[in-house]
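Undergrad: You'll find entry_34.cif just under this line, and it carries mmCIF, C-alpha atoms and all ligand atoms.
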data_model
#
loop_
_atom_site.label_atom_id
_atom_site.label_comp_id
_atom_site.auth_asym_id
_atom_site.auth_seq_id
_atom_site.Cartn_x
_atom_site.Cartn_y
_atom_site.Cartn_z
CA MET A 1 119.93 134.52 55.53
CA ILE A 2 120.67 130.81 55.61
CA HIS A 3 120.17 128.98 52.31
CA TYR A 4 118.84 125.49 52.99
CA LYS A 5 119.79 123.02 50.29
CA THR A 6 117.62 120.37 48.65
CA SER A 7 119.03 116.86 48.55
CA GLU A 8 119.64 117.36 44.80
CA GLU A 9 121.74 120.41 45.61
CA VAL A 10 123.65 118.48 48.27
CA ASP A 11 124.34 115.82 45.62
CA ILE A 12 125.95 118.47 43.40
CA ILE A 13 128.05 119.73 46.33
CA LYS A 14 129.11 116.13 46.87
CA GLU A 15 130.34 115.99 43.25
CA SER A 16 132.20 119.23 43.80
CA ALA A 17 133.67 117.80 46.99
CA ASP A 18 134.80 114.67 45.17
CA ILE A 19 136.79 116.75 42.67
CA LEU A 20 138.17 118.69 45.62
CA GLY A 21 139.17 115.57 47.54
CA ARG A 22 141.00 114.16 44.52
CA ALA A 23 142.71 117.51 43.86
CA HIS A 24 143.97 117.45 47.45
CA GLY A 25 145.19 113.90 46.81
CA GLU A 26 147.18 115.03 43.75
CA VAL A 27 148.73 117.83 45.77
CA ALA A 28 149.58 115.39 48.57
CA LYS A 29 151.88 113.46 46.20
CA TYR A 30 154.15 116.50 45.99
CA VAL A 31 154.06 117.77 49.56
CA LYS A 32 157.67 117.27 50.62
CA GLU A 33 160.91 119.00 51.44
CA GLY A 34 162.33 121.13 48.60
CA VAL A 35 159.02 121.67 46.77
CA LYS A 36 157.92 125.22 46.04
CA THR A 37 154.45 126.01 47.34
CA SER A 38 153.60 127.63 43.97
CA PHE A 39 154.13 124.21 42.38
CA LEU A 40 151.47 122.71 44.65
CA ASP A 41 149.10 125.45 43.53
CA LYS A 42 149.74 124.62 39.89
CA ILE A 43 149.01 120.92 40.51
CA ALA A 44 145.71 121.75 42.21
CA GLU A 45 144.53 124.23 39.60
CA GLU A 46 145.34 121.88 36.70
CA TYR A 47 143.59 118.96 38.33
CA ILE A 48 140.47 120.97 39.14
CA ARG A 49 140.18 122.50 35.66
CA ASP A 50 140.76 119.10 34.02
CA HIS A 51 137.85 117.67 36.04
CA GLN A 52 134.93 120.01 35.39
CA GLY A 53 135.73 122.36 38.22
CA VAL A 54 136.91 125.89 38.79
CA PRO A 55 139.16 126.80 41.74
CA SER A 56 136.84 128.67 44.12
CA PHE A 57 139.54 130.82 45.66
CA LYS A 58 141.22 132.14 42.52
CA GLY A 59 139.92 135.66 42.00
CA TYR A 60 137.79 135.57 45.17
CA ASN A 61 138.05 139.18 46.40
CA GLY A 62 141.24 139.26 44.36
CA PHE A 63 142.92 136.19 45.91
CA PRO A 64 145.61 135.19 43.40
CA ALA A 65 145.68 131.38 43.60
CA ALA A 66 143.77 128.10 43.71
CA LEU A 67 145.23 127.19 47.10
CA CYS A 68 145.74 129.02 50.34
CA ILE A 69 149.09 127.77 51.57
CA SER A 70 149.90 128.63 55.13
CA VAL A 71 153.29 127.60 56.50
CA ASN A 72 154.19 127.37 60.21
CA GLU A 73 153.03 130.57 61.96
CA VAL A 74 150.71 131.45 59.09
CA VAL A 75 147.20 130.55 60.22
CA VAL A 76 145.32 130.82 56.93
CA HIS A 77 145.14 132.71 53.60
CA GLY A 78 148.84 132.46 52.76
CA PHE A 79 149.84 132.87 49.11
CA PRO A 80 151.59 130.10 47.18
CA SER A 81 155.10 131.37 46.45
CA ASP A 82 158.69 130.47 45.62
CA TYR A 83 159.16 129.33 49.21
CA GLU A 84 160.57 125.79 49.31
CA LEU A 85 159.23 123.50 52.00
CA LYS A 86 161.82 122.48 54.50
CA ASP A 87 162.31 119.81 57.10
CA GLY A 88 160.34 120.62 60.24
CA ASP A 89 157.74 122.86 58.55
CA ILE A 90 154.01 122.41 58.77
CA ILE A 91 151.86 123.49 55.86
CA SER A 92 148.12 124.03 55.68
CA VAL A 93 146.69 123.47 52.20
CA ASP A 94 143.21 124.94 51.85
CA CYS A 95 141.26 124.49 48.63
CA GLY A 96 137.79 125.13 47.24
CA VAL A 97 136.09 123.82 44.11
CA PHE A 98 133.19 125.36 42.19
CA HIS A 99 131.27 122.83 40.10
CA GLN A 100 127.83 123.10 38.51
CA GLY A 101 127.01 126.18 40.51
CA PHE A 102 128.15 124.97 43.94
CA HIS A 103 131.26 125.27 46.07
CA SER A 104 133.01 122.84 48.41
CA ASP A 105 135.86 123.71 50.77
CA SER A 106 138.38 121.69 52.76
CA ALA A 107 141.80 122.03 54.33
CA TYR A 108 144.55 119.81 55.73
CA THR A 109 147.76 120.53 57.60
CA TYR A 110 150.81 118.40 56.75
CA PRO A 111 154.05 117.91 58.66
CA ILE A 112 157.21 118.06 56.50
CA GLY A 113 159.95 115.65 57.54
CA GLU A 114 160.90 115.71 61.20
CA VAL A 115 158.45 117.94 62.99
CA SER A 116 158.82 118.45 66.72
CA PRO A 117 156.57 116.23 68.87
CA SER A 118 154.83 119.28 70.33
CA VAL A 119 153.86 120.52 66.88
CA LEU A 120 152.78 117.05 65.75
CA ALA A 121 150.55 116.91 68.82
CA LEU A 122 149.02 120.26 67.80
CA LEU A 123 148.19 118.84 64.36
CA LYS A 124 146.60 115.73 65.84
CA ALA A 125 144.54 117.70 68.35
CA THR A 126 143.32 120.11 65.67
CA LYS A 127 142.29 117.29 63.37
CA ASP A 128 140.62 115.43 66.23
CA SER A 129 138.77 118.61 67.19
CA LEU A 130 137.34 118.86 63.67
CA TYR A 131 135.82 115.38 63.96
CA LEU A 132 134.55 116.04 67.48
CA GLY A 133 132.92 119.21 66.18
CA ILE A 134 131.35 117.31 63.29
CA GLU A 135 129.88 114.81 65.79
CA LYS A 136 128.00 117.73 67.36
CA ALA A 137 126.90 119.17 64.01
CA VAL A 138 123.66 117.24 64.01
CA PHE A 139 120.03 118.12 63.43
CA GLY A 140 118.51 119.78 66.47
CA ASN A 141 121.80 120.91 68.02
CA ARG A 142 122.98 124.52 67.87
CA LEU A 143 126.17 125.86 66.33
CA GLY A 144 127.40 126.77 69.81
CA ASP A 145 127.48 123.05 70.58
CA VAL A 146 129.96 122.57 67.73
CA GLY A 147 132.19 125.50 68.68
CA ASN A 148 132.08 124.71 72.37
CA THR A 149 133.20 121.13 71.78
CA ILE A 150 136.13 122.22 69.60
CA GLN A 151 137.18 124.95 72.02
CA LYS A 152 136.96 122.79 75.14
CA PHE A 153 138.91 119.96 73.56
CA VAL A 154 141.84 122.04 72.32
CA GLU A 155 141.99 124.42 75.28
CA ALA A 156 142.17 121.43 77.65
CA LYS A 157 145.41 120.54 75.87
CA GLY A 158 146.79 124.06 76.35
CA TYR A 159 146.16 125.31 72.80
CA THR A 160 144.16 128.36 71.76
CA VAL A 161 141.39 128.94 69.25
CA VAL A 162 141.45 131.77 66.72
CA ARG A 163 138.34 133.95 67.14
CA GLU A 164 138.53 136.39 64.25
CA LEU A 165 138.20 133.70 61.60
CA VAL A 166 135.41 131.15 61.54
CA GLY A 167 133.79 128.46 59.43
CA HIS A 168 130.78 129.27 57.29
CA GLY A 169 127.75 128.16 55.37
CA ILE A 170 128.59 127.15 51.81
CA GLY A 171 126.65 126.54 48.61
CA ARG A 172 126.13 128.81 45.61
CA ASN A 173 128.51 131.15 47.43
CA LEU A 174 131.83 130.16 48.97
CA HIS A 175 130.94 131.95 52.18
CA GLU A 176 127.30 132.04 53.28
CA SER A 177 125.45 132.38 56.56
CA PRO A 178 125.75 131.18 59.22
CA GLU A 179 129.19 131.84 60.66
CA VAL A 180 130.59 128.69 62.29
CA PRO A 181 132.88 129.73 65.17
CA ASN A 182 135.33 127.29 66.71
CA TYR A 183 134.40 128.53 70.17
CA GLY A 184 131.20 129.33 71.98
CA LYS A 185 128.63 128.29 74.51
CA LYS A 186 126.67 125.07 74.50
CA GLY A 187 123.07 125.59 73.40
CA SER A 188 123.77 128.97 71.80
CA GLY A 189 123.67 130.12 68.20
CA PRO A 190 121.64 129.07 65.18
CA LEU A 191 119.72 125.81 65.28
CA LEU A 192 121.01 123.12 62.95
CA LYS A 193 118.31 122.24 60.47
CA ALA A 194 118.00 119.85 57.57
CA GLY A 195 119.48 121.30 54.40
CA MET A 196 122.22 123.30 56.09
CA VAL A 197 125.63 122.84 54.50
CA ILE A 198 128.51 124.24 56.52
CA ALA A 199 132.30 124.29 56.45
CA ILE A 200 133.75 123.53 59.87
CA GLU A 201 137.38 124.60 60.13
CA PRO A 202 139.19 124.79 63.47
CA MET A 203 142.26 127.06 63.44
CA VAL A 204 144.27 126.18 66.51
CA ASN A 205 147.41 127.88 67.79
CA LEU A 206 150.25 126.52 69.88
CA GLY A 207 150.73 129.87 71.64
CA THR A 208 148.57 132.96 71.83
CA ARG A 209 145.21 133.01 70.08
CA ASN A 210 145.98 136.50 68.77
CA ILE A 211 146.63 136.96 65.09
CA VAL A 212 147.88 139.70 62.82
CA GLN A 213 147.37 140.35 59.13
CA GLU A 214 150.42 140.84 56.96
CA ARG A 215 150.67 143.90 54.73
CA ASP A 216 149.67 141.87 51.66
CA GLY A 217 146.11 142.17 52.94
CA TRP A 218 145.57 138.41 53.13
CA THR A 219 148.15 136.42 55.06
CA ILE A 220 147.10 135.83 58.66
CA ARG A 221 149.80 134.78 61.12
CA THR A 222 149.99 134.24 64.83
CA ALA A 223 151.00 137.32 66.81
CA ASP A 224 153.75 135.37 68.63
CA ARG A 225 154.90 133.53 65.46
CA LYS A 226 154.27 130.14 67.01
CA PRO A 227 152.74 127.49 64.73
CA SER A 228 149.06 127.16 63.90
CA ALA A 229 147.11 124.22 62.48
CA HIS A 230 143.97 124.12 60.33
CA TYR A 231 141.70 121.30 59.15
CA GLU A 232 138.38 121.70 57.38
CA HIS A 233 135.47 119.70 56.04
CA THR A 234 132.22 120.68 54.32
CA VAL A 235 129.28 118.83 55.91
CA ALA A 236 125.55 118.56 55.20
CA ILE A 237 122.93 118.30 57.94
CA PHE A 238 119.98 115.98 57.38
CA GLU A 239 117.25 115.12 59.83
CA ASP A 240 118.56 111.59 60.32
CA LYS A 241 122.29 112.08 59.74
CA THR A 242 125.16 114.44 59.06
CA GLU A 243 127.21 113.69 56.03
CA VAL A 244 130.83 114.76 55.58
CA LEU A 245 130.85 115.77 51.91
CA THR A 246 134.57 116.50 51.53
CA THR A 247 137.26 113.91 52.13
CA HIS A 248 140.88 113.69 53.24
CA LYS A 249 141.02 110.08 52.06
CA TYR A 250 143.13 110.79 48.96
CA ILE A 251 145.53 112.92 50.98
CA GLU A 252 146.08 110.16 53.49
CA GLU A 253 146.54 107.57 50.73
CA ASN A 254 149.19 109.65 48.99
CA PHE A 255 151.03 111.30 51.85
CA LYS A 256 153.17 109.07 54.03
CA PHE A 257 154.88 110.26 57.16
MG MG B 301 138.87 126.40 53.26
MG MG B 302 136.29 127.58 54.59
#
Once you've parsed the file, please lay out its structure as C-alpha cells.
TA:
Amino acid sequence: MIHYKTSEEVDIIKESADILGRAHGEVAKYVKEGVKTSFLDKIAEEYIRDHQGVPSFKGYNGFPAALCISVNEVVVHGFPSDYELKDGDIISVDCGVFHQGFHSDSAYTYPIGEVSPSVLALLKATKDSLYLGIEKAVFGNRLGDVGNTIQKFVEAKGYTVVRELVGHGIGRNLHESPEVPNYGKKGSGPLLKAGMVIAIEPMVNLGTRNIVQERDGWTIRTADRKPSAHYEHTVAIFEDKTEVLTTHKYIEENFKF
C-alpha cells in the first residue's frame, strides 16, 4: 500500500531532510585519504543526535551504524570500519534521518584523491542519471518512466544498472511502497500521484550488473569487483511540481576535488 503524504507531512520530511543534508555536509569535511570510515560514521551520528534526529539506519534490521559506507566495488550497505580511505578510492556515503516521526534518505559517492578518469566518468554519469530520473518523477508519469530514463542514460555510456536493489517510498517507515527500480519500461509501473514521497537511488556499475552479498549478511559488492557508484535523493510529488527534499548542497560546499 502506498502512503500518500499531506503537505504538512511533507514539511516534516523536509525538516528531516535538512538535518540529513547538514549531517552529510559535516561528514564531507572529513572525507579524505587516511580517514577511517568508522570516524565518518561517528561524525554523522553525533551531528544527527545533536540536531533533533535519530539515525534511521542504526538498528534497522540490525544494521550497526548511522552510515552505510561502500568503498569501490561495494555497491551499497557496507559497514563503517577501521578501513582508511586511500588515494584512488571511491566511497558511497548513504545516510537516513528520522525526525518527528518521518524518515529522509540520501546518498553521495565521493572520489578520494586521484581517481581514474573512467571511474570519475562513472560517478558523473550516475549523478546525472539521478537528476534525469527526478525530471521524470512528475505527477501523471509512471515509475517506469523514471527507471527507463536512468537505465537508458547509463547503459548508453556502457555502464550497467543493479536490478536486485531499488529505490523506495519513504515516510513513517524508511522503506515503503512503491519500489522504485532504476530500470524499466516507459509507461509501466505505478502512477505518480500527489503526496507520493520516494527515494530515487541509481546504483550503477562499471562492469557487470551482477552483485553478490558478503557473508556479513549486508555488504553488497559487484560480482566482478569493478567499481560501483550510488547517488540518492528523497523527492515529493505534487500536482504542480516535484520537490527534491534532500540536498547535496552542504556536501558540495565542504568537499573540494
Ligand atoms: Mg539511502
Ligand atoms: Mg534509500
Undergrad: Hey, which residues sit close to ligand MG 301 (chain B)? Say within 10 Å, counting only C-alpha atoms and all ligand atoms, and write them as a count of residues only.
TA: 29
Undergrad: Can you pull out every residue within 6 Å of range 26-36 of chain A, counting all atoms listed in the file, but drop anything in the same chain fewer than 6 positions away, and send it as a list in words?
TA: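 Everything that qualifies: Asp82, Tyr83, Glu84, Leu85, Lys86, Asp87, Ile112, Ile251, Asn254 and Phe255 of chain A.
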Undergrad: For CA of Asn205 in chain A and CA of Thr222 in chain A, quote the distance in Å rounded to one decimal.
TA: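 So the answer is 7.5 Å.
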Undergrad: When distances are computed from all atoms listed in the file, which of A:Ala236, A:Ile12, A:Ile48, A:Ala121 shows the smallest separation from Leu192 in chain A?
TA: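 Of A:Ala236, A:Ile12, A:Ile48, A:Ala121, the one nearest Leu192 in chain A, counting all atoms listed in the file, is A:Ala236.
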Undergrad: Do you have the CA of Ile13 in chain A-CA of His99 in chain A distance handy?
TA: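 About the pair CA of Ile13 in chain A and CA of His99 in chain A: they are 7.7 Å apart.
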Undergrad: Between A:Gly133, A:Gly158, A:Gly53, A:Gly59, which has the minimum distance to Asn182 in chain A (counting all atoms listed in the file)?
TA: A:Gly133
Undergrad: So how many Å separate CA of Met203 in chain A and CA of Val10 in chain A, to one decimal?
TA: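 It comes out at 25.5 Å.
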Undergrad: For Glu155 in chain A, please output as a VMD selection string all residues within 12 Å (counting all atoms listed in the file; exclusion window: fewer than 3 positions along the same chain).
TA: chain A and resid 122 125 to 126 129 147 to 152 158 to 162 182 to 183 204 to 209
Undergrad: Considering all atoms listed in the file, can you say which of A:Ser188, A:Gln213, A:Asn173, A:Ser228 comes closest to ligand MG 302 (chain B)?
TA: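 Answer, going by the shortest atom-to-atom distance: A:Asn173.
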Undergrad: Within 9 Å of (123.3, 130.1, 69.5) (file coordinates; all atoms listed in the file), which protein or nucleic acid residues are there? I'd like them as a PyMOL selection string.
TA: chain A and resi 142-145+184-191
Undergrad: Can you pull out every residue within 12 Å of Gly217 in chain A, counting all atoms listed in the file, but drop anything in the same chain fewer than 3 positions away, and send it as a list in words?
TA: Asn61, Gly62, Phe63, Pro64, His77, Gly78, Phe79, Val212, Gln213, Glu214, Ile220 and Arg221 of chain A
Undergrad: Nearest to Tyr110 in chain A: which of A:Ala229, A:Arg49, A:Val244, A:Gly25 is it, counting only C-alpha atoms?
TA: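 Checking each of A:Ala229, A:Arg49, A:Val244, A:Gly25 against Tyr110 in chain A, counting only C-alpha atoms, the winner is A:Ala229.
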Undergrad: Choose the residue, out of A:Val166, A:Val235, A:Ala223, A:Ile134, that has the smallest atom-to-atom separation from ligand MG 302 (chain B); count all atoms listed in the file.
TA: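 Checking each of A:Val166, A:Val235, A:Ala223, A:Ile134 against ligand MG 302 (chain B), counting all atoms listed in the file, the winner is A:Val166.
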Undergrad: What lies within 7 Å of Thr247 in chain A using all atoms listed in the file, ignoring chain neighbours under 2 positions off, as JSON, numbers by chain?
TA: {"A": [21, 245, 249]}
Undergrad: Rank nothing, just name the residue among A:Phe139, A:Leu165, A:Lys124, A:Tyr4 nearest to ligand MG 302 (chain B), using all atoms listed in the file.
TA: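 Using all atoms listed in the file, ligand MG 302 (chain B) sits closest to A:Leu165.
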Undergrad: So that all listed atoms of range 31-34 of chain A fit with 4 Å spare on each side, what axis-aligned box centre and edge lengths in Å, to one decimal, would you give as AutoDock Vina command-line options?
TA:
--center_x 158.2 --center_y 119.2 --center_z 50.0 --size_x 16.3 --size_y 11.9 --size_z 10.8
Undergrad: Can you tell me which residues surround Asp11 in chain A at a distance of at most 12 Å, considering all atoms listed in the file, apart from same-chain residues fewer than 5 positions away, and format the answer as an MDAnalysis selection string?
TA: chainID A and resid 5:6 16:18 99:104 171 195 197 235:236 243:246
Undergrad: Some atoms are absent from range 114-137 of chain A, so rebuild N, CA and C atoms and return them as a tab-separated table (two decimals), keeping the file's coordinate frame.
TA:
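rebuild-v8.tsv, freshly written:
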chain	number	residue	atom	x	y	z
A	114	GLU	N	160.89	115.83	59.73
A	114	GLU	CA	160.90	115.71	61.20
A	114	GLU	C	160.30	116.96	61.83
A	115	VAL	N	159.10	116.82	62.32
A	115	VAL	CA	158.45	117.94	62.99
A	115	VAL	C	158.50	117.65	64.49
A	116	SER	N	158.67	118.69	65.29
A	116	SER	CA	158.82	118.45	66.72
A	116	SER	C	157.56	117.80	67.28
A	117	PRO	N	157.73	116.93	68.29
A	117	PRO	CA	156.57	116.23	68.87
A	117	PRO	C	155.48	117.18	69.33
A	118	SER	N	155.87	118.36	69.84
A	118	SER	CA	154.83	119.28	70.33
A	118	SER	C	153.99	119.82	69.18
A	119	VAL	N	154.61	120.01	68.03
A	119	VAL	CA	153.86	120.52	66.88
A	119	VAL	C	153.02	119.39	66.25
A	120	LEU	N	153.58	118.19	66.22
A	120	LEU	CA	152.78	117.05	65.75
A	120	LEU	C	151.54	116.85	66.61
A	121	ALA	N	151.70	117.06	67.92
A	121	ALA	CA	150.55	116.91	68.82
A	121	ALA	C	149.50	117.99	68.54
A	122	LEU	N	149.96	119.19	68.18
A	122	LEU	CA	149.02	120.26	67.80
A	122	LEU	C	148.21	119.85	66.56
A	123	LEU	N	148.90	119.26	65.58
A	123	LEU	CA	148.19	118.84	64.36
A	123	LEU	C	147.14	117.79	64.70
A	124	LYS	N	147.55	116.81	65.51
A	124	LYS	CA	146.60	115.73	65.84
A	124	LYS	C	145.39	116.29	66.60
A	125	ALA	N	145.65	117.16	67.55
A	125	ALA	CA	144.54	117.70	68.35
A	125	ALA	C	143.60	118.53	67.47
A	126	THR	N	144.17	119.27	66.53
A	126	THR	CA	143.32	120.11	65.67
A	126	THR	C	142.45	119.24	64.77
A	127	LYS	N	143.07	118.21	64.21
A	127	LYS	CA	142.29	117.29	63.37
A	127	LYS	C	141.22	116.57	64.20
A	128	ASP	N	141.61	116.10	65.36
A	128	ASP	CA	140.62	115.43	66.23
A	128	ASP	C	139.47	116.38	66.59
A	129	SER	N	139.81	117.65	66.81
A	129	SER	CA	138.77	118.61	67.19
A	129	SER	C	137.77	118.82	66.06
A	130	LEU	N	138.25	118.74	64.83
A	130	LEU	CA	137.34	118.86	63.67
A	130	LEU	C	136.30	117.74	63.73
A	131	TYR	N	136.77	116.51	63.95
A	131	TYR	CA	135.82	115.38	63.96
A	131	TYR	C	134.91	115.42	65.18
A	132	LEU	N	135.42	115.89	66.30
A	132	LEU	CA	134.55	116.04	67.48
A	132	LEU	C	133.48	117.10	67.22
A	133	GLY	N	133.88	118.17	66.55
A	133	GLY	CA	132.92	119.21	66.18
A	133	GLY	C	131.86	118.67	65.23
A	134	ILE	N	132.29	117.88	64.25
A	134	ILE	CA	131.35	117.31	63.29
A	134	ILE	C	130.34	116.41	64.01
A	135	GLU	N	130.80	115.68	65.02
A	135	GLU	CA	129.88	114.81	65.79
A	135	GLU	C	128.75	115.61	66.43
A	136	LYS	N	129.03	116.88	66.74
A	136	LYS	CA	128.00	117.73	67.36
A	136	LYS	C	127.18	118.49	66.32
A	137	ALA	N	127.61	118.43	65.07
A	137	ALA	CA	126.90	119.17	64.01
A	137	ALA	C	125.75	118.33	63.49
